[in-house]
Each structure stands twice: as structure tokens, then as C-alpha cells.
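Colleague: Data file model-v5.cif (mmCIF, C-alpha atoms and all ligand atoms) is appended below.
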data_target
loop_
_atom_site.group_PDB
_atom_site.id
_atom_site.type_symbol
_atom_site.label_atom_id
_atom_site.label_comp_id
_atom_site.auth_asym_id
_atom_site.auth_seq_id
_atom_site.Cartn_x
_atom_site.Cartn_y
_atom_site.Cartn_z
ATOM 1 C CA MET A 149 95.931 80.060 91.185
ATOM 2 C CA ARG A 150 95.105 83.710 90.459
ATOM 3 C CA GLU A 151 95.750 84.907 86.943
ATOM 4 C CA ILE A 152 97.275 88.183 85.813
ATOM 5 C CA VAL A 153 96.925 89.551 82.291
ATOM 6 C CA GLY A 154 99.122 92.476 81.265
ATOM 7 C CA ILE A 155 98.311 94.662 78.290
ATOM 8 C CA ASP A 156 100.279 97.256 76.348
ATOM 9 C CA VAL A 157 99.611 99.023 73.085
ATOM 10 C CA SER A 158 103.225 98.416 72.084
ATOM 11 C CA ARG A 159 104.015 95.093 70.382
ATOM 12 C CA GLU A 160 107.663 95.577 71.315
ATOM 13 C CA MET A 161 106.851 95.887 75.031
ATOM 14 C CA VAL A 162 104.625 92.828 74.913
ATOM 15 C CA ALA A 163 107.345 90.808 73.174
ATOM 16 C CA ARG A 164 109.890 91.808 75.833
ATOM 17 C CA SER A 165 107.495 91.048 78.662
ATOM 18 C CA ALA A 166 106.925 87.562 77.250
ATOM 19 C CA GLN A 167 110.681 86.941 77.496
ATOM 20 C CA TRP A 168 110.888 88.237 81.061
ATOM 21 C CA LEU A 169 107.890 86.216 82.117
ATOM 22 C CA ALA A 170 109.034 82.914 80.614
ATOM 23 C CA GLY A 171 108.345 80.215 83.202
ATOM 24 C CA VAL A 172 105.783 82.281 85.145
ATOM 25 C CA PRO A 173 102.623 80.228 84.634
ATOM 26 C CA ASN A 174 99.902 82.599 85.861
ATOM 27 C CA VAL A 175 100.941 85.786 84.035
ATOM 28 C CA THR A 176 100.303 86.454 80.353
ATOM 29 C CA THR A 177 100.687 89.623 78.329
ATOM 30 C CA ARG A 178 99.036 90.757 75.143
ATOM 31 C CA GLU A 179 98.990 93.613 72.715
ATOM 32 C CA SER A 180 95.888 95.770 73.082
ATOM 33 C CA SER A 181 94.084 98.338 70.986
ATOM 34 C CA GLY A 182 95.390 101.229 73.126
ATOM 35 C CA VAL A 183 91.902 102.620 73.702
ATOM 36 C CA ASP A 184 89.846 99.924 75.401
ATOM 37 C CA LEU A 185 89.753 96.544 77.142
ATOM 38 C CA ALA A 186 87.621 94.951 74.447
ATOM 39 C CA ASP A 187 89.363 91.577 74.839
ATOM 40 C CA PHE A 188 87.956 91.176 78.339
ATOM 41 C CA GLU A 189 84.517 90.271 79.584
ATOM 42 C CA ASP A 190 82.359 92.284 81.961
ATOM 43 C CA GLY A 191 83.036 91.643 85.648
ATOM 44 C CA SER A 192 85.990 89.363 84.966
ATOM 45 C CA PHE A 193 88.720 91.014 87.129
ATOM 46 C CA ASP A 194 89.339 91.620 90.841
ATOM 47 C CA LEU A 195 91.858 94.367 90.200
ATOM 48 C CA VAL A 196 92.765 96.715 87.367
ATOM 49 C CA TYR A 197 96.219 98.223 87.787
ATOM 50 C CA SER A 198 98.059 100.840 85.736
ATOM 51 C CA TYR A 199 101.552 102.166 86.363
ATOM 52 C CA VAL A 200 103.274 105.079 84.574
ATOM 53 C CA ALA A 201 100.974 104.732 81.575
ATOM 54 C CA ILE A 202 98.199 107.317 82.039
ATOM 55 C CA GLN A 203 100.676 110.139 81.498
ATOM 56 C CA HIS A 204 101.109 108.972 77.886
ATOM 57 C CA MET A 205 97.417 108.935 77.072
ATOM 58 C CA PRO A 206 95.349 111.736 75.602
ATOM 59 C CA ARG A 207 92.574 112.604 78.055
ATOM 60 C CA PRO A 208 89.735 110.963 76.076
ATOM 61 C CA VAL A 209 91.676 107.689 76.120
ATOM 62 C CA PHE A 210 92.139 107.849 79.888
ATOM 63 C CA HIS A 211 88.419 108.548 80.257
ATOM 64 C CA ARG A 212 87.609 105.572 78.082
ATOM 65 C CA TYR A 213 89.913 103.315 80.098
ATOM 66 C CA LEU A 214 88.143 104.372 83.289
ATOM 67 C CA ALA A 215 84.810 103.327 81.815
ATOM 68 C CA GLU A 216 86.356 100.091 80.608
ATOM 69 C CA ALA A 217 87.946 99.391 83.996
ATOM 70 C CA HIS A 218 84.535 99.864 85.575
ATOM 71 C CA ARG A 219 83.055 97.404 83.107
ATOM 72 C CA VAL A 220 85.622 94.614 83.510
ATOM 73 C CA LEU A 221 85.814 94.808 87.324
ATOM 74 C CA ARG A 222 83.649 92.476 89.345
ATOM 75 C CA ASP A 223 81.551 93.843 92.205
ATOM 76 C CA GLY A 224 83.972 94.786 94.973
ATOM 77 C CA GLY A 225 86.925 94.966 92.572
ATOM 78 C CA TRP A 226 89.593 97.653 92.843
ATOM 79 C CA LEU A 227 91.185 100.116 90.474
ATOM 80 C CA VAL A 228 94.743 101.141 91.325
ATOM 81 C CA PHE A 229 96.672 103.554 89.177
ATOM 82 C CA GLN A 230 99.602 105.915 89.157
ATOM 83 C CA ILE A 231 98.990 109.431 87.923
ATOM 84 C CA TYR A 232 100.719 112.811 87.906
ATOM 85 C CA LEU A 233 98.798 115.557 89.676
ATOM 86 C CA GLY A 234 99.650 119.222 89.422
ATOM 87 C CA LEU A 235 99.179 122.189 87.157
ATOM 88 C CA ARG A 236 100.493 122.017 83.620
ATOM 89 C CA PRO A 237 99.012 122.748 80.190
ATOM 90 C CA GLU A 238 97.476 119.812 78.381
ATOM 91 C CA PRO A 239 99.814 118.415 75.672
ATOM 92 C CA PRO A 240 98.273 118.562 72.187
ATOM 93 C CA LEU A 241 96.033 115.596 71.355
ATOM 94 C CA GLY A 242 98.213 112.830 69.927
ATOM 95 C CA ASP A 243 101.328 113.933 71.828
ATOM 96 C CA THR A 244 102.033 110.808 73.875
ATOM 97 C CA ILE A 245 105.560 111.828 74.860
ATOM 98 C CA SER A 246 104.954 114.937 76.982
ATOM 99 C CA LEU A 247 103.783 114.200 80.486
ATOM 100 C CA GLY A 248 99.982 114.225 80.819
ATOM 101 C CA VAL A 249 99.134 115.886 84.138
ATOM 102 C CA TYR A 250 95.781 116.138 85.915
ATOM 103 C CA GLU A 251 94.434 118.625 88.402
ATOM 104 C CA GLU A 252 93.050 117.125 91.588
ATOM 105 C CA LEU A 253 89.531 118.332 91.097
ATOM 106 C CA GLU A 254 89.534 117.224 87.478
ATOM 107 C CA LEU A 255 90.562 113.723 88.535
ATOM 108 C CA VAL A 256 87.931 113.548 91.250
ATOM 109 C CA ASN A 257 85.250 114.701 88.831
ATOM 110 C CA GLN A 258 86.416 112.329 86.108
ATOM 111 C CA LEU A 259 86.379 109.375 88.469
ATOM 112 C CA ARG A 260 82.963 110.428 89.654
ATOM 113 C CA GLU A 261 81.696 110.556 86.087
ATOM 114 C CA SER A 262 83.079 107.063 85.558
ATOM 115 C CA GLU A 263 81.330 105.923 88.755
ATOM 116 C CA PHE A 264 84.481 105.453 90.774
ATOM 117 C CA HIS A 265 85.573 107.250 93.904
ATOM 118 C CA ILE A 266 88.932 107.482 95.622
ATOM 119 C CA GLU A 267 89.323 105.271 98.676
ATOM 120 C CA ALA A 268 92.944 106.182 99.406
ATOM 121 C CA ARG A 269 95.971 107.663 97.754
ATOM 122 C CA GLN A 270 99.666 107.735 98.456
ATOM 123 C CA LEU A 271 102.282 110.228 97.350
ATOM 124 C CA GLU A 272 104.974 108.420 95.411
ATOM 125 C CA HIS A 273 107.358 111.244 94.655
ATOM 126 C CA GLN A 274 107.423 114.932 93.830
ATOM 127 C CA THR A 275 109.212 116.453 90.901
ATOM 128 C CA GLY A 276 111.061 119.736 91.253
ATOM 129 C CA ASP A 277 108.513 121.618 89.154
ATOM 130 C CA GLY A 278 105.437 121.175 91.344
ATOM 131 C CA LEU A 279 104.187 117.870 89.977
ATOM 132 C CA ALA A 280 103.530 114.898 92.179
ATOM 133 C CA SER A 281 103.217 111.245 91.297
ATOM 134 C CA TRP A 282 100.364 109.618 93.190
ATOM 135 C CA LEU A 283 99.183 106.066 93.591
ATOM 136 C CA VAL A 284 95.413 106.088 93.755
ATOM 137 C CA LEU A 285 93.164 103.335 95.063
ATOM 138 C CA ALA A 286 89.647 103.663 93.684
ATOM 139 C CA ALA A 287 86.479 101.622 94.053
ATOM 140 C CA ARG A 288 83.258 101.463 92.093
ATOM 141 C CA ASP A 289 80.535 103.629 93.566
ATOM 142 C CA ASP A 290 77.957 100.846 93.610
ATOM 143 C CA VAL A 291 80.292 98.840 95.821
ATOM 144 C CA VAL A 292 80.527 101.590 98.415
ATOM 145 C CA ALA A 293 76.811 102.123 98.363
ATOM 146 C CA ALA A 294 76.340 98.453 99.172
ATOM 147 C CA ARG A 295 79.055 98.441 101.831
ATOM 148 C CA ASN A 296 77.725 101.548 103.543
ATOM 149 C CA SER A 297 74.069 100.651 103.361
ATOM 150 C CA ASP A 298 73.881 100.410 107.151
ATOM 151 C CA VAL A 299 75.829 103.605 107.841
ATOM 152 C CA GLY A 300 74.046 106.332 109.806
ATOM 153 C CA SER A 301 71.588 108.989 108.924
ATOM 154 C CA VAL A 302 73.863 111.755 107.693
ATOM 155 C CA GLN A 303 74.904 109.793 104.635
ATOM 156 C CA GLU A 304 71.369 108.601 103.979
ATOM 157 C CA VAL A 305 70.011 112.110 104.198
ATOM 158 C CA SER A 306 72.798 113.528 102.096
ATOM 159 C CA GLY A 307 72.140 110.832 99.514
ATOM 160 C CA ASP A 308 75.840 110.593 98.823
ATOM 161 C CA LEU A 309 77.837 107.612 99.929
ATOM 162 C CA ARG A 310 81.186 108.350 98.429
ATOM 163 C CA SER A 311 84.424 108.105 100.323
ATOM 164 C CA PRO A 312 85.664 110.900 102.590
ATOM 165 C CA MET A 313 88.875 110.748 100.587
ATOM 166 C CA ASP A 314 87.253 112.557 97.695
ATOM 167 C CA GLY A 315 86.170 115.238 100.129
ATOM 168 C CA HIS A 316 89.772 115.476 101.216
ATOM 169 C CA LEU A 317 90.760 116.431 97.672
ATOM 170 C CA TYR A 318 88.072 119.112 97.483
ATOM 171 C CA ARG A 319 89.198 120.493 100.836
ATOM 172 C CA ASN A 320 92.848 120.598 99.742
ATOM 173 C CA LEU A 321 91.920 122.401 96.580
ATOM 174 C CA ALA A 322 89.747 124.955 98.391
ATOM 175 C CA GLN A 323 92.495 125.590 100.940
ATOM 176 C CA ASN A 324 95.049 126.116 98.185
ATOM 177 C CA GLN A 325 92.702 128.535 96.456
ATOM 178 C CA ILE A 326 92.144 130.490 99.683
ATOM 179 C CA ALA A 327 95.888 130.559 100.378
ATOM 180 C CA GLU A 328 96.436 131.987 96.895
ATOM 181 C CA GLY A 329 93.750 134.618 97.406
ATOM 182 C CA ARG A 330 91.381 132.963 94.878
ATOM 183 C CA ARG A 331 88.433 133.148 97.244
ATOM 184 C CA ARG A 332 85.692 133.087 94.630
ATOM 185 C CA GLU A 333 87.139 129.903 93.163
ATOM 186 C CA ALA A 334 87.386 128.469 96.678
ATOM 187 C CA ILE A 335 83.701 129.224 97.168
ATOM 188 C CA ASP A 336 82.870 127.408 93.923
ATOM 189 C CA THR A 337 84.996 124.435 94.967
ATOM 190 C CA MET A 338 83.292 124.257 98.359
ATOM 191 C CA LYS A 339 79.890 124.453 96.719
ATOM 192 C CA GLN A 340 80.863 121.575 94.452
ATOM 193 C CA HIS A 341 82.072 119.697 97.513
ATOM 194 C CA LEU A 342 78.679 120.155 99.144
ATOM 195 C CA GLU A 343 76.878 119.113 95.986
ATOM 196 C CA PHE A 344 79.014 116.008 96.037
ATOM 197 C CA ASN A 345 78.545 115.431 99.765
ATOM 198 C CA ALA A 346 75.816 117.510 101.337
ATOM 199 C CA GLY A 347 76.719 116.000 104.708
ATOM 200 C CA ALA A 348 80.110 117.752 104.937
ATOM 201 C CA LEU A 349 79.325 119.836 108.006
ATOM 202 C CA ALA A 350 82.713 121.533 108.428
ATOM 203 C CA VAL A 351 82.695 122.567 104.771
ATOM 204 C CA ALA A 352 79.213 124.087 105.073
ATOM 205 C CA LEU A 353 80.303 126.131 108.078
ATOM 206 C CA GLU A 354 83.525 127.248 106.417
ATOM 207 C CA LEU A 355 81.696 128.131 103.213
ATOM 208 C CA GLY A 356 79.090 130.079 105.184
ATOM 209 C CA ALA A 357 81.803 132.097 106.894
ATOM 210 C CA LEU A 358 83.609 132.742 103.615
ATOM 211 C CA LEU A 359 80.414 133.883 101.923
ATOM 212 C CA VAL A 360 79.709 136.297 104.782
ATOM 213 C CA GLU A 361 83.232 137.686 104.523
ATOM 214 C CA GLU A 362 82.616 138.204 100.812
ATOM 215 C CA GLY A 363 79.343 139.990 101.545
ATOM 216 C CA ARG A 364 77.272 137.177 99.974
ATOM 217 C CA VAL A 365 75.038 136.837 103.003
ATOM 218 C CA GLU A 366 71.935 135.439 101.270
ATOM 219 C CA GLU A 367 73.963 132.585 99.791
ATOM 220 C CA ALA A 368 75.537 131.939 103.189
ATOM 221 C CA ILE A 369 72.137 131.644 104.778
ATOM 222 C CA ASP A 370 71.019 129.188 102.107
ATOM 223 C CA VAL A 371 74.117 127.040 102.673
ATOM 224 C CA LEU A 372 73.623 126.930 106.424
ATOM 225 C CA ASP A 373 69.913 126.445 106.121
ATOM 226 C CA THR A 374 70.530 123.379 103.948
ATOM 227 C CA MET A 375 73.084 122.179 106.468
ATOM 228 C CA THR A 376 70.543 122.140 109.264
ATOM 229 C CA ARG A 377 68.194 120.051 107.141
ATOM 230 C CA VAL A 378 70.910 117.549 106.273
ATOM 231 C CA HIS A 379 71.907 117.250 109.931
ATOM 232 C CA PRO A 380 68.586 117.277 111.777
ATOM 233 C CA ASP A 381 70.150 115.427 114.718
ATOM 234 C CA LEU A 382 73.171 117.616 115.139
ATOM 235 C CA ALA A 383 72.449 120.162 117.809
ATOM 236 C CA GLU A 384 75.750 121.885 117.059
ATOM 237 C CA ALA A 385 74.510 122.671 113.594
ATOM 238 C CA TYR A 386 71.706 124.729 115.071
ATOM 239 C CA VAL A 387 73.977 126.369 117.607
ATOM 240 C CA ASP A 388 76.334 127.386 114.840
ATOM 241 C CA LEU A 389 73.468 128.541 112.688
ATOM 242 C CA ALA A 390 71.957 130.499 115.565
ATOM 243 C CA GLN A 391 75.316 132.152 116.216
ATOM 244 C CA PHE A 392 75.727 132.819 112.561
ATOM 245 C CA LEU A 393 72.314 134.367 112.206
ATOM 246 C CA ALA A 394 72.905 136.479 115.295
ATOM 247 C CA LEU A 395 76.122 137.605 113.671
ATOM 248 C CA VAL A 396 74.458 138.748 110.486
ATOM 249 C CA GLY A 397 71.423 140.041 112.367
ATOM 250 C CA ARG A 398 68.907 137.926 110.535
ATOM 251 C CA SER A 399 65.804 136.157 111.768
ATOM 252 C CA ARG A 400 64.926 132.824 110.235
ATOM 253 C CA GLN A 401 61.336 132.798 111.414
ATOM 254 C CA GLY A 402 59.972 132.338 107.923
ATOM 255 C CA ASN A 403 61.627 128.948 107.600
ATOM 256 C CA GLU A 404 61.286 127.672 111.133
ATOM 257 C CA ARG A 405 57.974 125.908 110.658
ATOM 258 C CA ASP A 406 59.063 122.993 108.483
ATOM 259 C CA ARG A 407 62.363 122.214 110.184
ATOM 260 C CA PRO A 408 62.486 119.401 112.760
ATOM 261 C CA ALA A 409 63.136 120.556 116.325
ATOM 262 C CA PRO A 410 66.761 119.977 117.310
ATOM 263 C CA ARG A 411 67.630 118.226 120.544
ATOM 264 C CA GLY A 412 68.705 120.412 123.447
ATOM 265 C CA VAL A 413 68.700 123.695 121.573
ATOM 266 C CA SER A 414 66.006 126.290 121.856
ATOM 267 C CA ARG A 415 65.151 128.517 118.974
ATOM 268 C CA GLY A 416 64.260 132.000 119.898
HETATM 269 C C1 LIG A 501 106.688 104.063 81.019
HETATM 270 S S1 LIG A 501 106.044 102.617 80.337
HETATM 271 C C2 LIG A 501 105.563 101.702 81.740
HETATM 272 C C3 LIG A 501 105.394 100.246 81.458
HETATM 273 C C4 LIG A 501 104.957 99.436 82.660
HETATM 274 N N1 LIG A 501 103.629 99.827 83.113
HETATM 275 C C5 LIG A 501 105.944 99.512 83.767
HETATM 276 O O1 LIG A 501 105.616 99.966 84.855
HETATM 277 O O2 LIG A 501 107.084 99.120 83.567
HETATM 278 C C6 LIG A 501 104.531 103.179 79.658
HETATM 279 C C7 LIG A 501 103.861 102.131 78.820
HETATM 280 O O3 LIG A 501 102.534 102.564 78.553
HETATM 281 C C8 LIG A 501 102.191 102.055 77.275
HETATM 282 N N2 LIG A 501 101.040 102.827 76.775
HETATM 283 C C9 LIG A 501 101.014 104.126 76.424
HETATM 284 N N3 LIG A 501 99.766 104.462 76.019
HETATM 285 C C10 LIG A 501 99.020 103.342 76.122
HETATM 286 C C11 LIG A 501 97.654 103.064 75.834
HETATM 287 N N4 LIG A 501 96.849 104.001 75.344
HETATM 288 N N5 LIG A 501 97.198 101.814 76.049
HETATM 289 C C12 LIG A 501 98.025 100.849 76.528
HETATM 290 N N6 LIG A 501 99.329 101.066 76.815
HETATM 291 C C13 LIG A 501 99.811 102.298 76.606
HETATM 292 C C14 LIG A 501 103.454 102.288 76.471
HETATM 293 O O4 LIG A 501 103.484 101.490 75.313
HETATM 294 C C15 LIG A 501 104.525 101.904 77.481
HETATM 295 O O5 LIG A 501 104.882 100.559 77.375
#
Would it be possible to restate this file's structure as C-alpha cells?
Ligand SMILES: C[S@@+](CC[C@H](N)C(=O)[O-])C[C@H]1O[C@@H](n2cnc3c(N)ncnc32)[C@H](O)[C@@H]1O
Modeller:
Amino acid sequence: MREIVGIDVSREMVARSAQWLAGVPNVTTRESSGVDLADFEDGSFDLVYSYVAIQHMPRPVFHRYLAEAHRVLRDGGWLVFQIYLGLRPEPPLGDTISLGVYEELELVNQLRESEFHIEARQLEHQTGDGLASWLVLAARDDVVAARNSDVGSVQEVSGDLRSPMDGHLYRNLAQNQIAEGRRREAIDTMKQHLEFNAGALAVALELGALLVEEGRVEEAIDVLDTMTRVHPDLAEAYVDLAQFLALVGRSRQGNERDRPAPRGVSRG
């Protein structure tokens, strides 16, 4: 029979849970330190699950728990947690009553730092003041790398095997920033997205166009030039680049020599 161990920093909560769980043989609860999972061995769990708890934690504690979750999960294990996403000032350190809220990009980056990535997420509910409660399903990066080891060339070339779901968050953020007229921030977000996943073709094209509109033509050319190297087999990439270069009236002859010839597209 599978075993479930629940933890809480509050002795009171643990005592109550023990009453509720009387007669349930495979579930135990215990008081924890509130900052780590020190009671548990490396690789000893299939799933780490947290519900309406992260909002009470100062950020460094949440970060520590992510590292600890990574440690106690076995290969192929899952992390599932509820979290509030939105924009709101950080409560002072030690304030565990006010709602701790994370920005999307911050969460993605934090998970990335902790060697997790988002596989899926589901909106639970929205509050009236622009916050949203999300359920997030995350997996350890090493697991995805193993699972995707036979996936095609784009990911191998890009050297990044994380889930497209993380890209989805970057895209949402960039679109919000564009909609709010924060184009420079959108450009930064898209650049981060490409750093994170150099194979994101649509993002490279969109970023190129945005950079041109902003008059940052040299940067646009660099972005699209990189794109054609990451996608040597994608003829469309060259078509788009050729159209783009025609648009800005530039010749790329200087760089043509070391790029592989695309299929079905002539360079002139
Ligand atoms: C709103 S309750 C939710 C309890 C339970 N997860 C549930 O869904 O019913 C939040 C719980 O998080 C616990 N908590 C807050 N900070 C914690 C921390 N740093 N480590 C462990 N538990 C914590 C609190 O003691 C409280 O019991």
C-alpha cells in the first residue's frame, strides 16, 4: 500500500489531523521545522504536494522547499502545488498572514533555478483584485531530459529540453507587456524566453519584428541569425529571414559562408 506523510509547521494542525485520520492506516502526519524536509531521505517520494501553504511562507522558505522537494523526489517524481500568481507587493519578511503572491516570470525562473519546470497548470479561481490561484504540476529537469532524449533536432540543437509550458508563461507575460505598452520589457522577456529555449521559432520572429519596430535593427538581425542556426532544417526560417532582410535592406553575405544550406530555398 502506498504511504502518505503530511507535514505542517503547526503542532496544533498536526494534532487535529491525527484525530481526523484515526483509522486511516497509510497516512501519517508530523510536525516539521517549517523550513525544510530534513526528516526525509533523498529520492524517497513519488509526489510532493502543497496546498494553500506557499502563500504563508517568506520567499526564501519557499525557495528552500523547492530545493528540498527536488531532493526528496525520486527520478520521475512530481511536484504539485497551489500558488497565487499576480502582481502585489511582497509582505515584509516574517509576515506569514498576508498573502504571498508570485509573478509568473518569477515563478518560472525560481523553478528553473531549483531544477524544476512546469509541465501543466490549471486555474483554480480568480480573486476580484487580479490575483489567481493556480495548481501547478512540475517535474524535475533531469527527468525531462531523460524522457526527451530521443526528441528531434531542434531541442538537441537548442540544448534546452524544458517543457513548452514554461514557454507559455513567457509568451503570456510578453503579450501582457506589449498590451500595456511596455515594449522594452516585452523585448527583455522574449530574449529571456529565447535564452531559456533557443528553439522557440515563433518567439524569435516576433522578437525580430518588435526590435525592428523599435529601431533596434542590429539586435533583430542577431536574433534572426541565431534562429537560422538553431533551425538549420527549417526552410521557413530562411524564407522569413530573407523577407526580413529584404525589409530592412540588409545583405547577410558576410555570414553566409558558415551557415548550412537550407533545403529548397535559394540565397541570393
Ligand atoms: C491554509 S492552511 C492549509 C492546510 C492544508 N494544506 C489544507 O489544505 O487544508 C496553511 C497551512 O500551512 C502551514 N504552514 C505555513 N507555513 C508553513 C511552513 N513554512 N512549513 C510548513 N507548513 C506551513 C500552516 O501551519 C497551515 O496549517
Colleague: If you count all atoms listed in the file, which residues end up within 6 Å of ligand LIG 501 (chain A), as a list in words?
Modeller: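 With all atoms listed in the file and a cut-off of 6 Å, ligand LIG 501 (chain A) is contacted by Asp156, Val157, Ser158, Met161, Gly182, Val183, Tyr199, Val200, Ala201, His204 and Met205 of chain A.
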Colleague: Would you pick out the contacts of A:Gln230 at 9 Å or less, using all atoms listed in the file, so that residues sharing its chain but fewer than 2 positions from it are not included, and give the list as an MDAnalysis selection string?
Modeller: chainID A and resid 197:203 228 232 272 281:284
Colleague: Expressed in Å to a single decimal, how great is the separation between atom CA of A:Gly278 and atom CA of A:Glu251?
Modeller: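 For atom CA of A:Gly278 relative to atom CA of A:Glu251, the distance reads 11.7 Å.
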Colleague: Which residues, named as in the file, does the PyMOL selection byres (((chain A and resi 286) around 12) and not hetatm) pick out? Answer as an mmCIF file with C-alpha atoms, in the frame of the given file.
Modeller:
data_model
loop_
_atom_site.group_PDB
_atom_site.id
_atom_site.type_symbol
_atom_site.label_atom_id
_atom_site.label_comp_id
_atom_site.auth_asym_id
_atom_site.auth_seq_id
_atom_site.Cartn_x
_atom_site.Cartn_y
_atom_site.Cartn_z
ATOM 1 C CA LEU A 195 91.858 94.367 90.200
ATOM 2 C CA VAL A 196 92.765 96.715 87.367
ATOM 3 C CA TYR A 197 96.219 98.223 87.787
ATOM 4 C CA SER A 198 98.059 100.840 85.736
ATOM 5 C CA LEU A 214 88.143 104.372 83.289
ATOM 6 C CA ALA A 217 87.946 99.391 83.996
ATOM 7 C CA HIS A 218 84.535 99.864 85.575
ATOM 8 C CA LEU A 221 85.814 94.808 87.324
ATOM 9 C CA GLY A 224 83.972 94.786 94.973
ATOM 10 C CA GLY A 225 86.925 94.966 92.572
ATOM 11 C CA TRP A 226 89.593 97.653 92.843
ATOM 12 C CA LEU A 227 91.185 100.116 90.474
ATOM 13 C CA VAL A 228 94.743 101.141 91.325
ATOM 14 C CA PHE A 229 96.672 103.554 89.177
ATOM 15 C CA GLN A 230 99.602 105.915 89.157
ATOM 16 C CA LEU A 255 90.562 113.723 88.535
ATOM 17 C CA VAL A 256 87.931 113.548 91.250
ATOM 18 C CA GLN A 258 86.416 112.329 86.108
ATOM 19 C CA LEU A 259 86.379 109.375 88.469
ATOM 20 C CA ARG A 260 82.963 110.428 89.654
ATOM 21 C CA SER A 262 83.079 107.063 85.558
ATOM 22 C CA GLU A 263 81.330 105.923 88.755
ATOM 23 C CA PHE A 264 84.481 105.453 90.774
ATOM 24 C CA HIS A 265 85.573 107.250 93.904
ATOM 25 C CA ILE A 266 88.932 107.482 95.622
ATOM 26 C CA GLU A 267 89.323 105.271 98.676
ATOM 27 C CA ALA A 268 92.944 106.182 99.406
ATOM 28 C CA ARG A 269 95.971 107.663 97.754
ATOM 29 C CA GLN A 270 99.666 107.735 98.456
ATOM 30 C CA LEU A 283 99.183 106.066 93.591
ATOM 31 C CA VAL A 284 95.413 106.088 93.755
ATOM 32 C CA LEU A 285 93.164 103.335 95.063
ATOM 33 C CA ALA A 287 86.479 101.622 94.053
ATOM 34 C CA ARG A 288 83.258 101.463 92.093
ATOM 35 C CA ASP A 289 80.535 103.629 93.566
ATOM 36 C CA VAL A 291 80.292 98.840 95.821
ATOM 37 C CA VAL A 292 80.527 101.590 98.415
ATOM 38 C CA ARG A 310 81.186 108.350 98.429
ATOM 39 C CA SER A 311 84.424 108.105 100.323
ATOM 40 C CA MET A 313 88.875 110.748 100.587
ATOM 41 C CA ASP A 314 87.253 112.557 97.695
#
Colleague: Take every atom of stretch 265-272 of chain A listed in the file, pad by 3 Å on each side, and give me the axis-aligned box centre and edge lengths in Å, one decimal, as lines of an AutoDock Vina configuration file.
Modeller:
center_x = 95.3
center_y = 107.7
center_z = 96.7
size_x = 25.4
size_y = 11.0
size_z = 11.5
Colleague: Quick one, how far is atom CA of A:Glu261 from atom CA of A:Ile245?
Modeller: 26.4 Å
Colleague: Apply the PyMOL selection byres (((chain A and resi 175) around 9) and not hetatm) to the displayed file and report the matching residues as a list of chain:residue names.
Modeller: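 Listing what the PyMOL selection byres (((chain A and resi 175) around 9) and not hetatm) selects in the shown file: A:Arg150, A:Glu151, A:Ile152, A:Val153, A:Gly154, A:Leu169, A:Val172, A:Pro173, A:Asn174, A:Thr176, A:Thr177.
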Colleague: Between atom CA of A:Arg178 and atom CA of A:Ile155, what is the distance, to one decimal in Å?
Modeller: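 Separation between atom CA of A:Arg178 and atom CA of A:Ile155: 5.1 Å.
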Colleague: Find the residues around A:Pro206 up to 12 Å (all atoms listed in the file counted), leave out those fewer than 6 positions away in its own chain, and share them as a list of chain:residue names.
Modeller: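 Here the answer would be A:Gly182, A:Val183, A:Arg212, A:Tyr213, A:Glu238, A:Pro239, A:Pro240, A:Leu241, A:Gly242, A:Asp243, A:Thr244, A:Ile245, A:Ser246, A:Leu247, A:Gly248, A:Val249, A:Tyr250.
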Colleague: Please identify all polymer residues within 12 Å of A:Gln323, counting all atoms listed in the file, omitting same-chain residues fewer than 4 positions from it, and present them as an mmCIF file with C-alpha atoms, keeping the file's coordinate frame.
Modeller:
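The result, stored in out-v2.cif:
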data_model
loop_
_atom_site.group_PDB
_atom_site.id
_atom_site.type_symbol
_atom_site.label_atom_id
_atom_site.label_comp_id
_atom_site.auth_asym_id
_atom_site.auth_seq_id
_atom_site.Cartn_x
_atom_site.Cartn_y
_atom_site.Cartn_z
ATOM 1 C CA HIS A 316 89.772 115.476 101.216
ATOM 2 C CA LEU A 317 90.760 116.431 97.672
ATOM 3 C CA TYR A 318 88.072 119.112 97.483
ATOM 4 C CA ARG A 319 89.198 120.493 100.836
ATOM 5 C CA ALA A 327 95.888 130.559 100.378
ATOM 6 C CA GLU A 328 96.436 131.987 96.895
ATOM 7 C CA GLY A 329 93.750 134.618 97.406
ATOM 8 C CA ARG A 330 91.381 132.963 94.878
ATOM 9 C CA ARG A 331 88.433 133.148 97.244
ATOM 10 C CA ARG A 332 85.692 133.087 94.630
ATOM 11 C CA GLU A 333 87.139 129.903 93.163
ATOM 12 C CA ALA A 334 87.386 128.469 96.678
ATOM 13 C CA ILE A 335 83.701 129.224 97.168
ATOM 14 C CA THR A 337 84.996 124.435 94.967
ATOM 15 C CA MET A 338 83.292 124.257 98.359
ATOM 16 C CA VAL A 351 82.695 122.567 104.771
ATOM 17 C CA GLU A 354 83.525 127.248 106.417
ATOM 18 C CA LEU A 355 81.696 128.131 103.213
ATOM 19 C CA LEU A 358 83.609 132.742 103.615
#
Colleague: Taking into account all atoms listed in the file, which residue in the set A:Asp277, A:Asp184, A:Glu362, A:Asp370 is nearest to A:Lys339?
Modeller: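 Among A:Asp277, A:Asp184, A:Glu362, A:Asp370, it is A:Asp370 that comes nearest to A:Lys339.
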Colleague: Name the residues in contact with A:Gly356 at a cut-off of 7 Å, using only C-alpha atoms, excluding same-chain residues fewer than 5 positions from it; report them as a PyMOL selection string.
Modeller: chain A and resi 368+371-372
Colleague: Have stretch 161-169 of chain A completed to N, CA and C atoms, please, and pass it along as a short mmCIF file (atom, residue, chain, number, x, y, z; two decimals), in the frame of the given file.
Modeller:
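rebuild_25.cif was written with the following content:
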data_model
loop_
_atom_site.label_atom_id
_atom_site.label_comp_id
_atom_site.auth_asym_id
_atom_site.auth_seq_id
_atom_site.Cartn_x
_atom_site.Cartn_y
_atom_site.Cartn_z
N MET A 161 106.90 96.08 73.57
CA MET A 161 106.85 95.89 75.03
C MET A 161 106.27 94.52 75.38
N VAL A 162 105.26 94.13 74.64
CA VAL A 162 104.62 92.83 74.91
C VAL A 162 105.61 91.70 74.62
N ALA A 163 106.36 91.85 73.52
CA ALA A 163 107.34 90.81 73.17
C ALA A 163 108.40 90.71 74.28
N ARG A 164 108.89 91.84 74.76
CA ARG A 164 109.89 91.81 75.83
C ARG A 164 109.33 91.20 77.11
N SER A 165 108.08 91.57 77.42
CA SER A 165 107.50 91.05 78.66
C SER A 165 107.38 89.53 78.59
N ALA A 166 107.06 89.02 77.39
CA ALA A 166 106.92 87.56 77.25
C ALA A 166 108.26 86.88 77.57
N GLN A 167 109.36 87.52 77.17
CA GLN A 167 110.68 86.94 77.50
C GLN A 167 110.91 86.96 79.01
N TRP A 168 110.64 88.11 79.61
CA TRP A 168 110.89 88.24 81.06
C TRP A 168 110.02 87.28 81.87
N LEU A 169 108.85 87.01 81.33
CA LEU A 169 107.89 86.22 82.12
C LEU A 169 107.94 84.72 81.79
#
